[in-house]
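Novice: So that you have it, the file is run.pdb, and it contains PDB, C-alpha atoms:
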ATOM      1  CA  MET A   1       3.941  18.002   4.991
ATOM      2  CA  LYS A   2       1.294  19.370   2.625
ATOM      3  CA  THR A   3      -1.957  17.401   2.674
ATOM      4  CA  ILE A   4      -4.987  17.006   0.404
ATOM      5  CA  LYS A   5      -8.480  16.649   1.839
ATOM      6  CA  MET A   6     -10.401  13.724   0.359
ATOM      7  CA  ASN A   7     -14.153  13.689  -0.253
ATOM      8  CA  ASN A   8     -14.795  12.289   3.246
ATOM      9  CA  GLY A   9     -12.799  15.019   4.983
ATOM     10  CA  VAL A  10      -9.779  12.828   5.755
ATOM     11  CA  GLU A  11      -6.477  14.478   4.906
ATOM     12  CA  VAL A  12      -3.709  12.543   3.176
ATOM     13  CA  PRO A  13      -0.050  13.654   2.921
ATOM     14  CA  VAL A  14       0.683  14.448  -0.732
ATOM     15  CA  LEU A  15       3.972  12.555  -0.692
ATOM     16  CA  GLY A  16       3.820   8.886   0.184
ATOM     17  CA  PHE A  17       6.541   6.283   0.549
ATOM     18  CA  GLY A  18       5.949   3.288  -1.727
ATOM     19  CA  THR A  19       7.173  -0.175  -0.782
ATOM     20  CA  PHE A  20       6.558  -2.091  -4.026
ATOM     21  CA  GLN A  21       9.378  -4.535  -4.830
ATOM     22  CA  ILE A  22      10.986  -4.209  -1.386
ATOM     23  CA  THR A  23      10.557  -7.888  -0.619
ATOM     24  CA  ASP A  24      13.435  -8.676   1.741
ATOM     25  CA  PRO A  25      11.925  -8.405   5.249
ATOM     26  CA  GLU A  26      14.881  -6.688   6.882
ATOM     27  CA  GLU A  27      15.323  -4.284   4.002
ATOM     28  CA  ALA A  28      11.596  -3.428   4.008
ATOM     29  CA  LYS A  29      11.558  -2.845   7.764
ATOM     30  CA  GLN A  30      14.651  -0.634   7.573
ATOM     31  CA  ALA A  31      13.332   1.282   4.561
ATOM     32  CA  VAL A  32      10.115   2.150   6.381
ATOM     33  CA  MET A  33      12.049   3.231   9.469
ATOM     34  CA  ASP A  34      14.356   5.365   7.333
ATOM     35  CA  ALA A  35      11.438   6.871   5.404
ATOM     36  CA  ILE A  36       9.659   7.903   8.587
ATOM     37  CA  GLN A  37      12.921   9.271   9.978
ATOM     38  CA  ALA A  38      13.355  11.304   6.786
ATOM     39  CA  GLY A  39       9.912  12.847   7.257
ATOM     40  CA  TYR A  40       7.450  10.623   5.422
ATOM     41  CA  ARG A  41       4.140  10.181   7.219
ATOM     42  CA  HIS A  42       2.335   8.303   4.441
ATOM     43  CA  ILE A  43       3.343   4.657   3.881
ATOM     44  CA  ASP A  44       1.882   2.523   1.069
ATOM     45  CA  THR A  45       1.905  -1.278   0.930
ATOM     46  CA  ALA A  46      -0.320  -4.082  -0.418
ATOM     47  CA  GLN A  47      -1.143  -7.745   0.073
ATOM     48  CA  SER A  48       0.586  -8.516  -3.217
ATOM     49  CA  TYR A  49       3.826  -6.815  -2.160
ATOM     50  CA  GLN A  50       4.203  -9.559   0.452
ATOM     51  CA  ASN A  51       5.860  -7.158   2.869
ATOM     52  CA  GLU A  52       2.981  -6.037   5.119
ATOM     53  CA  LYS A  53       4.546  -7.706   8.180
ATOM     54  CA  ALA A  54       7.907  -6.012   7.620
ATOM     55  CA  VAL A  55       6.216  -2.673   6.919
ATOM     56  CA  GLY A  56       4.312  -3.019  10.189
ATOM     57  CA  GLN A  57       7.535  -3.792  12.030
ATOM     58  CA  GLY A  58       9.131  -0.676  10.548
ATOM     59  CA  ILE A  59       6.171   1.416  11.643
ATOM     60  CA  ALA A  60       6.331   0.003  15.176
ATOM     61  CA  ALA A  61      10.094   0.529  15.416
ATOM     62  CA  SER A  62       9.902   4.122  14.167
ATOM     63  CA  GLY A  63       8.676   5.441  17.500
ATOM     64  CA  ILE A  64       6.237   7.785  15.759
ATOM     65  CA  ASP A  65       2.729   7.995  17.195
ATOM     66  CA  ARG A  66       0.266   6.019  15.067
ATOM     67  CA  ASN A  67      -2.032   9.053  14.773
ATOM     68  CA  GLU A  68       0.695  10.902  12.887
ATOM     69  CA  LEU A  69       0.889   8.256  10.164
ATOM     70  CA  PHE A  70      -1.259   7.546   7.113
ATOM     71  CA  ILE A  71      -1.080   3.849   6.174
ATOM     72  CA  THR A  72      -2.446   2.350   2.945
ATOM     73  CA  THR A  73      -2.810  -1.281   1.958
ATOM     74  CA  LYS A  74      -4.588  -2.983  -0.936
ATOM     75  CA  ILE A  75      -6.782  -6.037  -1.514
ATOM     76  CA  TRP A  76      -5.283  -8.403  -4.089
ATOM     77  CA  VAL A  77      -7.306  -9.889  -6.973
ATOM     78  CA  GLU A  78      -7.843 -13.305  -5.355
ATOM     79  CA  ASN A  79      -9.610 -11.576  -2.437
ATOM     80  CA  VAL A  80     -11.783  -9.154  -4.389
ATOM     81  CA  SER A  81     -15.198 -10.352  -3.210
ATOM     82  CA  TYR A  82     -17.374  -9.652  -0.193
ATOM     83  CA  GLU A  83     -16.044 -12.519   1.917
ATOM     84  CA  GLY A  84     -12.567 -12.210   0.443
ATOM     85  CA  VAL A  85     -12.228  -8.628   1.662
ATOM     86  CA  LYS A  86     -13.574  -9.408   5.127
ATOM     87  CA  GLU A  87     -11.220 -12.349   5.646
ATOM     88  CA  SER A  88      -8.090 -11.044   3.965
ATOM     89  CA  PHE A  89      -8.281  -7.587   5.502
ATOM     90  CA  GLN A  90      -8.092  -9.116   8.963
ATOM     91  CA  ARG A  91      -4.948 -10.937   7.878
ATOM     92  CA  SER A  92      -3.517  -7.657   6.591
ATOM     93  CA  LEU A  93      -4.247  -5.913   9.889
ATOM     94  CA  THR A  94      -2.556  -8.748  11.790
ATOM     95  CA  ARG A  95       0.513  -8.640   9.565
ATOM     96  CA  LEU A  96       0.725  -4.851   9.881
ATOM     97  CA  GLY A  97       0.200  -5.005  13.638
ATOM     98  CA  LEU A  98      -2.383  -2.224  13.414
ATOM     99  CA  ASP A  99      -5.915  -1.662  14.672
ATOM    100  CA  TYR A 100      -6.937   0.186  11.507
ATOM    101  CA  VAL A 101      -5.591   1.511   8.222
ATOM    102  CA  ASP A 102      -6.123   4.977   6.841
ATOM    103  CA  LEU A 103      -6.834   3.880   3.276
ATOM    104  CA  LEU A 104      -7.880   0.519   1.843
ATOM    105  CA  LEU A 105      -7.840   0.049  -1.924
ATOM    106  CA  ILE A 106      -9.028  -2.580  -4.382
ATOM    107  CA  HIS A 107      -5.702  -3.189  -6.098
ATOM    108  CA  GLN A 108      -6.933  -4.161  -9.563
ATOM    109  CA  PRO A 109     -10.302  -3.756 -11.360
ATOM    110  CA  TYR A 110     -11.019  -7.491 -11.571
ATOM    111  CA  ASN A 111     -13.105 -10.182  -9.835
ATOM    112  CA  ASP A 112     -16.192  -9.253  -7.752
ATOM    113  CA  VAL A 113     -15.467  -5.550  -7.407
ATOM    114  CA  TYR A 114     -18.981  -4.666  -6.225
ATOM    115  CA  GLY A 115     -19.118  -7.336  -3.548
ATOM    116  CA  ALA A 116     -15.696  -6.201  -2.375
ATOM    117  CA  TRP A 117     -16.866  -2.598  -2.266
ATOM    118  CA  ARG A 118     -19.842  -3.460  -0.056
ATOM    119  CA  ALA A 119     -17.482  -5.174   2.387
ATOM    120  CA  MET A 120     -15.202  -2.128   2.357
ATOM    121  CA  GLU A 121     -18.141   0.165   3.070
ATOM    122  CA  GLU A 122     -18.858  -1.986   6.126
ATOM    123  CA  LEU A 123     -15.227  -1.779   7.251
ATOM    124  CA  LEU A 124     -15.552   1.981   6.943
ATOM    125  CA  GLU A 125     -18.661   1.988   9.152
ATOM    126  CA  GLN A 126     -16.831  -0.200  11.681
ATOM    127  CA  LYS A 127     -13.936   2.312  11.724
ATOM    128  CA  LEU A 128     -11.449  -0.377  10.768
ATOM    129  CA  VAL A 129     -10.539   1.840   7.818
ATOM    130  CA  ARG A 130     -10.739   5.622   7.560
ATOM    131  CA  SER A 131     -11.020   5.794   3.758
ATOM    132  CA  ILE A 132     -11.641   3.439   0.849
ATOM    133  CA  GLY A 133     -10.697   3.606  -2.794
ATOM    134  CA  VAL A 134      -9.415   1.801  -5.842
ATOM    135  CA  SER A 135      -6.226   1.334  -7.818
ATOM    136  CA  ASN A 136      -5.665   0.957 -11.565
ATOM    137  CA  PHE A 137      -9.353   1.506 -12.326
ATOM    138  CA  PRO A 138     -10.204   3.063 -15.706
ATOM    139  CA  VAL A 139     -12.070   6.290 -15.104
ATOM    140  CA  ASP A 140     -15.405   4.875 -16.288
ATOM    141  CA  ARG A 141     -15.154   1.961 -13.837
ATOM    142  CA  ALA A 142     -14.304   4.321 -10.978
ATOM    143  CA  VAL A 143     -17.246   6.600 -11.800
ATOM    144  CA  ASP A 144     -19.566   3.591 -12.142
ATOM    145  CA  LEU A 145     -18.551   2.456  -8.667
ATOM    146  CA  ALA A 146     -19.144   5.957  -7.324
ATOM    147  CA  GLU A 147     -22.568   6.415  -8.881
ATOM    148  CA  PHE A 148     -24.093   3.089  -7.826
ATOM    149  CA  ASN A 149     -22.867   2.748  -4.246
ATOM    150  CA  LYS A 150     -23.247   4.584  -0.962
ATOM    151  CA  VAL A 151     -19.615   5.664  -0.808
ATOM    152  CA  THR A 152     -17.689   7.357  -3.599
ATOM    153  CA  PRO A 153     -14.072   6.133  -3.774
ATOM    154  CA  GLN A 154     -11.797   8.562  -2.014
ATOM    155  CA  MET A 155      -8.788   7.667  -4.175
ATOM    156  CA  ASN A 156      -7.779   6.031  -7.449
ATOM    157  CA  GLN A 157      -4.108   5.055  -7.504
ATOM    158  CA  ILE A 158      -2.972   5.036 -11.141
ATOM    159  CA  GLU A 159       0.180   5.285 -13.225
ATOM    160  CA  ILE A 160       1.079   8.945 -13.838
ATOM    161  CA  ASN A 161       4.473  10.111 -15.062
ATOM    162  CA  PRO A 162       5.879  12.453 -17.734
ATOM    163  CA  PHE A 163       5.448   9.770 -20.415
ATOM    164  CA  ASN A 164       1.897   8.842 -19.368
ATOM    165  CA  GLN A 165       0.354  12.048 -18.066
ATOM    166  CA  GLN A 166      -3.337  11.040 -18.017
ATOM    167  CA  THR A 167      -4.510  14.668 -18.072
ATOM    168  CA  GLU A 168      -8.104  13.918 -19.064
ATOM    169  CA  VAL A 169      -8.371  11.036 -16.594
ATOM    170  CA  ILE A 170      -7.114  13.261 -13.773
ATOM    171  CA  LYS A 171      -9.757  15.879 -14.572
ATOM    172  CA  ALA A 172     -12.563  13.314 -14.807
ATOM    173  CA  LEU A 173     -11.618  11.740 -11.469
ATOM    174  CA  LYS A 174     -11.457  15.112  -9.755
ATOM    175  CA  ASP A 175     -14.826  16.064 -11.255
ATOM    176  CA  GLU A 176     -16.244  12.954  -9.562
ATOM    177  CA  GLY A 177     -14.607  13.874  -6.251
ATOM    178  CA  ILE A 178     -11.968  11.127  -6.472
ATOM    179  CA  ILE A 179      -8.350  12.087  -5.737
ATOM    180  CA  PRO A 180      -5.841  10.684  -8.264
ATOM    181  CA  GLU A 181      -2.730   9.156  -6.702
ATOM    182  CA  ALA A 182       0.331   8.642  -8.896
ATOM    183  CA  TRP A 183       2.315   5.426  -8.846
ATOM    184  CA  ALA A 184       5.552   5.042 -10.848
ATOM    185  CA  PRO A 185       6.128   8.808 -11.099
ATOM    186  CA  PHE A 186       9.616   8.082 -12.450
ATOM    187  CA  ALA A 187       8.320   5.356 -14.806
ATOM    188  CA  GLU A 188      10.769   3.043 -12.995
ATOM    189  CA  GLY A 189      13.558   4.666 -14.991
ATOM    190  CA  LYS A 190      12.152   3.716 -18.390
ATOM    191  CA  ASN A 191      13.124   5.724 -21.478
ATOM    192  CA  ASP A 192      16.225   6.850 -19.555
ATOM    193  CA  ILE A 193      14.006   9.348 -17.753
ATOM    194  CA  PHE A 194      16.699  10.648 -15.408
ATOM    195  CA  ASN A 195      18.824  11.701 -18.378
ATOM    196  CA  ASN A 196      15.958  13.159 -20.389
ATOM    197  CA  PRO A 197      17.239  16.423 -21.939
ATOM    198  CA  THR A 198      14.012  18.341 -21.284
ATOM    199  CA  LEU A 199      13.806  17.309 -17.651
ATOM    200  CA  ASN A 200      17.525  17.896 -17.144
ATOM    201  CA  GLU A 201      17.257  21.429 -18.498
ATOM    202  CA  ILE A 202      14.419  22.206 -16.102
ATOM    203  CA  SER A 203      16.260  20.655 -13.170
ATOM    204  CA  LYS A 204      19.371  22.746 -13.832
ATOM    205  CA  ARG A 205      17.269  25.883 -14.058
ATOM    206  CA  HIS A 206      15.929  25.271 -10.539
ATOM    207  CA  ASN A 207      19.075  23.677  -9.090
ATOM    208  CA  LYS A 208      17.085  20.519  -8.401
ATOM    209  CA  THR A 209      17.265  16.892  -9.523
ATOM    210  CA  VAL A 210      15.103  15.391 -12.252
ATOM    211  CA  ALA A 211      13.279  13.362  -9.598
ATOM    212  CA  GLN A 212      12.474  16.513  -7.642
ATOM    213  CA  VAL A 213      11.186  18.232 -10.789
ATOM    214  CA  ILE A 214       8.879  15.299 -11.562
ATOM    215  CA  LEU A 215       7.523  15.156  -8.015
ATOM    216  CA  ARG A 216       6.986  18.919  -7.983
ATOM    217  CA  TRP A 217       5.159  18.722 -11.333
ATOM    218  CA  LEU A 218       2.772  16.139  -9.872
ATOM    219  CA  VAL A 219       2.216  17.929  -6.554
ATOM    220  CA  GLU A 220       1.416  21.175  -8.377
ATOM    221  CA  GLN A 221      -1.447  19.286 -10.037
ATOM    222  CA  GLU A 222      -2.933  18.603  -6.571
ATOM    223  CA  LEU A 223      -2.165  14.900  -6.793
ATOM    224  CA  VAL A 224      -0.967  12.456  -4.168
ATOM    225  CA  VAL A 225       2.332  10.880  -5.218
ATOM    226  CA  LEU A 226       4.152   7.696  -4.214
ATOM    227  CA  ALA A 227       7.912   7.373  -4.571
ATOM    228  CA  LYS A 228      10.155   4.501  -3.522
ATOM    229  CA  SER A 229      13.812   4.313  -2.563
ATOM    230  CA  VAL A 230      15.791   2.270  -0.074
ATOM    231  CA  LYS A 231      18.456   4.977   0.180
ATOM    232  CA  PRO A 232      17.931   7.505   3.025
ATOM    233  CA  GLU A 233      19.611  10.299   1.054
ATOM    234  CA  ARG A 234      17.214   9.757  -1.846
ATOM    235  CA  MET A 235      14.246   9.719   0.515
ATOM    236  CA  ALA A 236      15.293  13.108   1.883
ATOM    237  CA  GLU A 237      15.804  14.408  -1.655
ATOM    238  CA  ASN A 238      12.333  13.313  -2.711
ATOM    239  CA  LEU A 239      10.793  15.219   0.203
ATOM    240  CA  ALA A 240      12.662  18.450  -0.560
ATOM    241  CA  ILE A 241      10.311  19.791  -3.229
ATOM    242  CA  PHE A 242       8.400  22.528  -1.436
ATOM    243  CA  ASP A 243      10.907  25.354  -1.877
ATOM    244  CA  PHE A 244      10.478  25.970  -5.613
ATOM    245  CA  SER A 245       7.745  26.198  -8.254
ATOM    246  CA  LEU A 246       7.634  25.300 -11.929
ATOM    247  CA  THR A 247       7.022  27.972 -14.528
ATOM    248  CA  THR A 248       4.462  27.788 -17.299
ATOM    249  CA  GLU A 249       7.361  27.219 -19.681
ATOM    250  CA  ASP A 250       8.526  24.272 -17.540
ATOM    251  CA  LYS A 251       5.057  22.725 -17.517
ATOM    252  CA  ASN A 252       4.618  23.133 -21.265
ATOM    253  CA  ALA A 253       7.974  21.449 -21.840
ATOM    254  CA  ILE A 254       6.986  18.509 -19.626
ATOM    255  CA  ALA A 255       3.641  18.258 -21.440
ATOM    256  CA  SER A 256       5.540  17.702 -24.689
ATOM    257  CA  LEU A 257       6.968  14.435 -23.277
ATOM    258  CA  ASN A 258       3.582  12.730 -23.029
ATOM    259  CA  GLN A 259       3.328   9.488 -25.011
ATOM    260  CA  GLY A 260      -0.245   8.879 -23.906
ATOM    261  CA  GLU A 261       0.213   5.228 -22.975
ATOM    262  CA  SER A 262       1.308   3.062 -20.080
ATOM    263  CA  GLN A 263       5.020   2.499 -19.694
ATOM    264  CA  PHE A 264       4.307  -1.001 -18.362
ATOM    265  CA  PHE A 265       1.240  -2.881 -19.638
ATOM    266  CA  SER A 266      -2.414  -2.473 -20.492
ATOM    267  CA  HIS A 267      -4.931  -3.352 -17.807
ATOM    268  CA  ALA A 268      -7.331  -4.213 -20.644
ATOM    269  CA  ASP A 269      -5.034  -6.969 -21.944
ATOM    270  CA  PRO A 270      -6.793 -10.362 -21.463
ATOM    271  CA  ALA A 271      -3.455 -12.104 -20.986
ATOM    272  CA  MET A 272      -2.581  -9.739 -18.139
ATOM    273  CA  ILE A 273      -5.955 -10.306 -16.475
ATOM    274  CA  ARG A 274      -5.434 -14.070 -16.648
ATOM    275  CA  TRP A 275      -1.902 -13.668 -15.249
ATOM    276  CA  MET A 276      -3.183 -11.693 -12.257
ATOM    277  CA  ALA A 277      -6.022 -14.156 -11.667
ATOM    278  CA  GLU A 278      -3.466 -16.941 -11.285
ATOM    279  CA  ARG A 279      -1.277 -15.077  -8.787
ATOM    280  CA  LYS A 280      -2.014 -16.072  -5.190
ATOM    281  CA  MET A 281      -0.241 -13.363  -3.235
ATOM    282  CA  ASP A 282      -2.042 -12.995   0.089
ATOM    283  CA  VAL A 283       0.604 -14.630   2.254
TER     284      VAL A 283
END
What do you get writing this file as structure tokens?
Specialist:
Amino acid sequence: MKTIKMNNGVEVPVLGFGTFQITDPEEAKQAVMDAIQAGYRHIDTAQSYQNEKAVGQGIAASGIDRNELFITTKIWVENVSYEGVKESFQRSLTRLGLDYVDLLLIHQPYNDVYGAWRAMEELLEQKLVRSIGVSNFPVDRAVDLAEFNKVTPQMNQIEINPFNQQTEVIKALKDEGIIPEAWAPFAEGKNDIFNNPTLNEISKRHNKTVAQVILRWLVEQELVVLAKSVKPERMAENLAIFDFSLTTEDKNAIASLNQGESQFFSHADPAMIRWMAERKMDV
């Protein structure tokens, strides 16, 4: 598996297995086992996904040495404070059944971000986490965090897909030494993405699927990418993207699909912030 070296020297596999919306415990456990069997070594979960325990069970049942795996979890909004991170992270470790995680992220850019970051820096010093970062942070907030703290975020996990390409944001994050990580690379199927004529034409040209073309497009930008499926055959398909390359013509065609806006919601929407503030999801 190709890896990218973060600003602290830790290497992260470029393809990660996402577990968002896999809420049934048995299904989540089996999906993680199947993903690791297929070849994934990077598993992403979060307090708000409410599946950390099942993810941990899947990791334990996989039989793969812990040192071969890269595990990410995220601090939910209700716990984004100094004490909130310290207390909730211990609960996450217990649920996962792990002694440490490879990457800990602040899931959303709300609440006491700076207090939370100080706690995460301490977890880093204590070697309970190997890397720390953020998720869904606007680029200015990520840079602000980097410039006024001891540790620059290693990662910012953001929405990136053919309809929301975030080209300028990607460049700005990289300029700051922060690796962009793409969630929802397939836009969760919105705009009938898998039947998009442009993407279908490219996929036929390379004898690949639309999903493989999208993942290859992201990996060629030196991004880390998360993809989710509960089907083993789809997991294997999503990993099989290292035997072809996109042409300049392909990339220009994909660039033409950019709508320049989220396919889901705005993180600057006050109603959305209030909605997240009300969600108690660390269980």
Novice: Once the PyMOL selection byres ((chain A and resi 148-151) around 9) has been evaluated on this model, what residues remain selected, and can you format them as a PyMOL selection string?
Specialist: chain A and resi 114+117-118+121+132+143-147+152-154
Novice: Closest to Tyr49 of chain A among A:Met281, A:Leu173, A:Ala271, A:Val213, using only C-alpha atoms?
Specialist: A:Met281
Novice: Using all atoms listed in the file for the distances, tell me which of A:Gln37, A:Asn252, A:Gln30, A:Asn191 is nearest to Gln57 of chain A.
Specialist: A:Gln30
Novice: Please evaluate the PyMOL selection byres ((chain A and resi 35) around 9) against the structure above and give the resulting residues as a list in words.
Specialist: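 Here the PyMOL selection byres ((chain A and resi 35) around 9) matches Phe17, Gln30, Ala31, Val32, Met33, Asp34, Ile36, Gln37, Ala38, Gly39, Tyr40, Arg41, Ile43, Ser229, Val230, Lys231, Pro232, Met235 and Ala236 of chain A.
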Novice: Deliver the residues from the most recent selection as a file, using C-alpha atoms, as a short mmCIF file (atom, residue, chain, number, x, y, z; two decimals), in the frame of the given file.
Specialist:
data_model
loop_
_atom_site.label_atom_id
_atom_site.label_comp_id
_atom_site.auth_asym_id
_atom_site.auth_seq_id
_atom_site.Cartn_x
_atom_site.Cartn_y
_atom_site.Cartn_z
CA PHE A 17 6.54 6.28 0.55
CA GLN A 30 14.65 -0.63 7.57
CA ALA A 31 13.33 1.28 4.56
CA VAL A 32 10.12 2.15 6.38
CA MET A 33 12.05 3.23 9.47
CA ASP A 34 14.36 5.36 7.33
CA ILE A 36 9.66 7.90 8.59
CA GLN A 37 12.92 9.27 9.98
CA ALA A 38 13.36 11.30 6.79
CA GLY A 39 9.91 12.85 7.26
CA TYR A 40 7.45 10.62 5.42
CA ARG A 41 4.14 10.18 7.22
CA ILE A 43 3.34 4.66 3.88
CA SER A 229 13.81 4.31 -2.56
CA VAL A 230 15.79 2.27 -0.07
CA LYS A 231 18.46 4.98 0.18
CA PRO A 232 17.93 7.50 3.02
CA MET A 235 14.25 9.72 0.52
CA ALA A 236 15.29 13.11 1.88
#
Novice: Write out as a list of chain:residue names which residues come within 12 Å of Val210 of chain A when counting all atoms listed in the file, dropping same-chain ones fewer than 3 positions away.
Specialist: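 My reading of the contact set: A:Pro162, A:Pro185, A:Phe186, A:Gly189, A:Asp192, A:Ile193, A:Phe194, A:Asn195, A:Asn196, A:Pro197, A:Thr198, A:Leu199, A:Asn200, A:Glu201, A:Ile202, A:Ser203, A:Lys204, A:Arg205, A:His206, A:Asn207, A:Val213, A:Ile214, A:Leu215, A:Arg216, A:Trp217, A:Glu237, A:Asn238, A:Ile241, A:Ile254.
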Novice: For atom CA of Leu103 of chain A and atom CA of Thr72 of chain A, quote the distance in Å rounded to one decimal.
Specialist: 4.7 Å
Novice: Go through A:Asn111, A:Gln126, A:Asn258, A:Ser135 and flag the residue nearest Arg274 of chain A, using only C-alpha atoms for the distances.
Specialist: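 Among the listed residues, the smallest separation from Arg274 of chain A belongs to A:Asn111.
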Novice: Residues at most 7 Å from Ala28 of chain A, counting all atoms listed in the file, excluding those fewer than 5 positions away in the same chain, as a PyMOL selection string?
Specialist: chain A and resi 22-23+51+54-55
Novice: Exactly which residues make up the result of the PyMOL selection byres ((chain A and resi 264) around 10) on this file, given as a JSON list (two decimals) with C-alpha atoms, keeping the file's coordinate frame?
Specialist:
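Contents of expr.json, freshly written:
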[["chain", "number", "residue", "atom", "x", "y", "z"],
["A", 159, "GLU", "CA", 0.18, 5.28, -13.22],
["A", 184, "ALA", "CA", 5.55, 5.04, -10.85],
["A", 187, "ALA", "CA", 8.32, 5.36, -14.81],
["A", 188, "GLU", "CA", 10.77, 3.04, -13.00],
["A", 190, "LYS", "CA", 12.15, 3.72, -18.39],
["A", 261, "GLU", "CA", 0.21, 5.23, -22.98],
["A", 262, "SER", "CA", 1.31, 3.06, -20.08],
["A", 263, "GLN", "CA", 5.02, 2.50, -19.69],
["A", 265, "PHE", "CA", 1.24, -2.88, -19.64],
["A", 266, "SER", "CA", -2.41, -2.47, -20.49],
["A", 267, "HIS", "CA", -4.93, -3.35, -17.81]]
Novice: Grab the atom CA of Pro25 of chain A to atom CA of Gly56 of chain A distance for me, in Å with one decimal place.
Specialist: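 We find that atom CA of Pro25 of chain A and atom CA of Gly56 of chain A lie 10.6 Å from each other.
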Novice: Can you tell me, as an MDAnalysis selection string, what residues are no more than 7 Å from Val224 of chain A when counting only C-alpha atoms, ignoring any on the same chain fewer than 6 positions away?
Specialist: chainID A and resid 14:15 180:182
Novice: For the atom pair atom CA of Glu78 of chain A and atom CA of Pro109 of chain A, what is the interatomic distance in Å to one decimal place?
Specialist: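 So the answer is 11.5 Å.
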Novice: Could you check the closest approach to Met1 of chain A for each of A:Ala253, A:Val77, A:Ala211, A:Leu69 and tell me which residue wins, using only C-alpha atoms?
Specialist: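 Under the stated criterion, the closest residue is A:Leu69.
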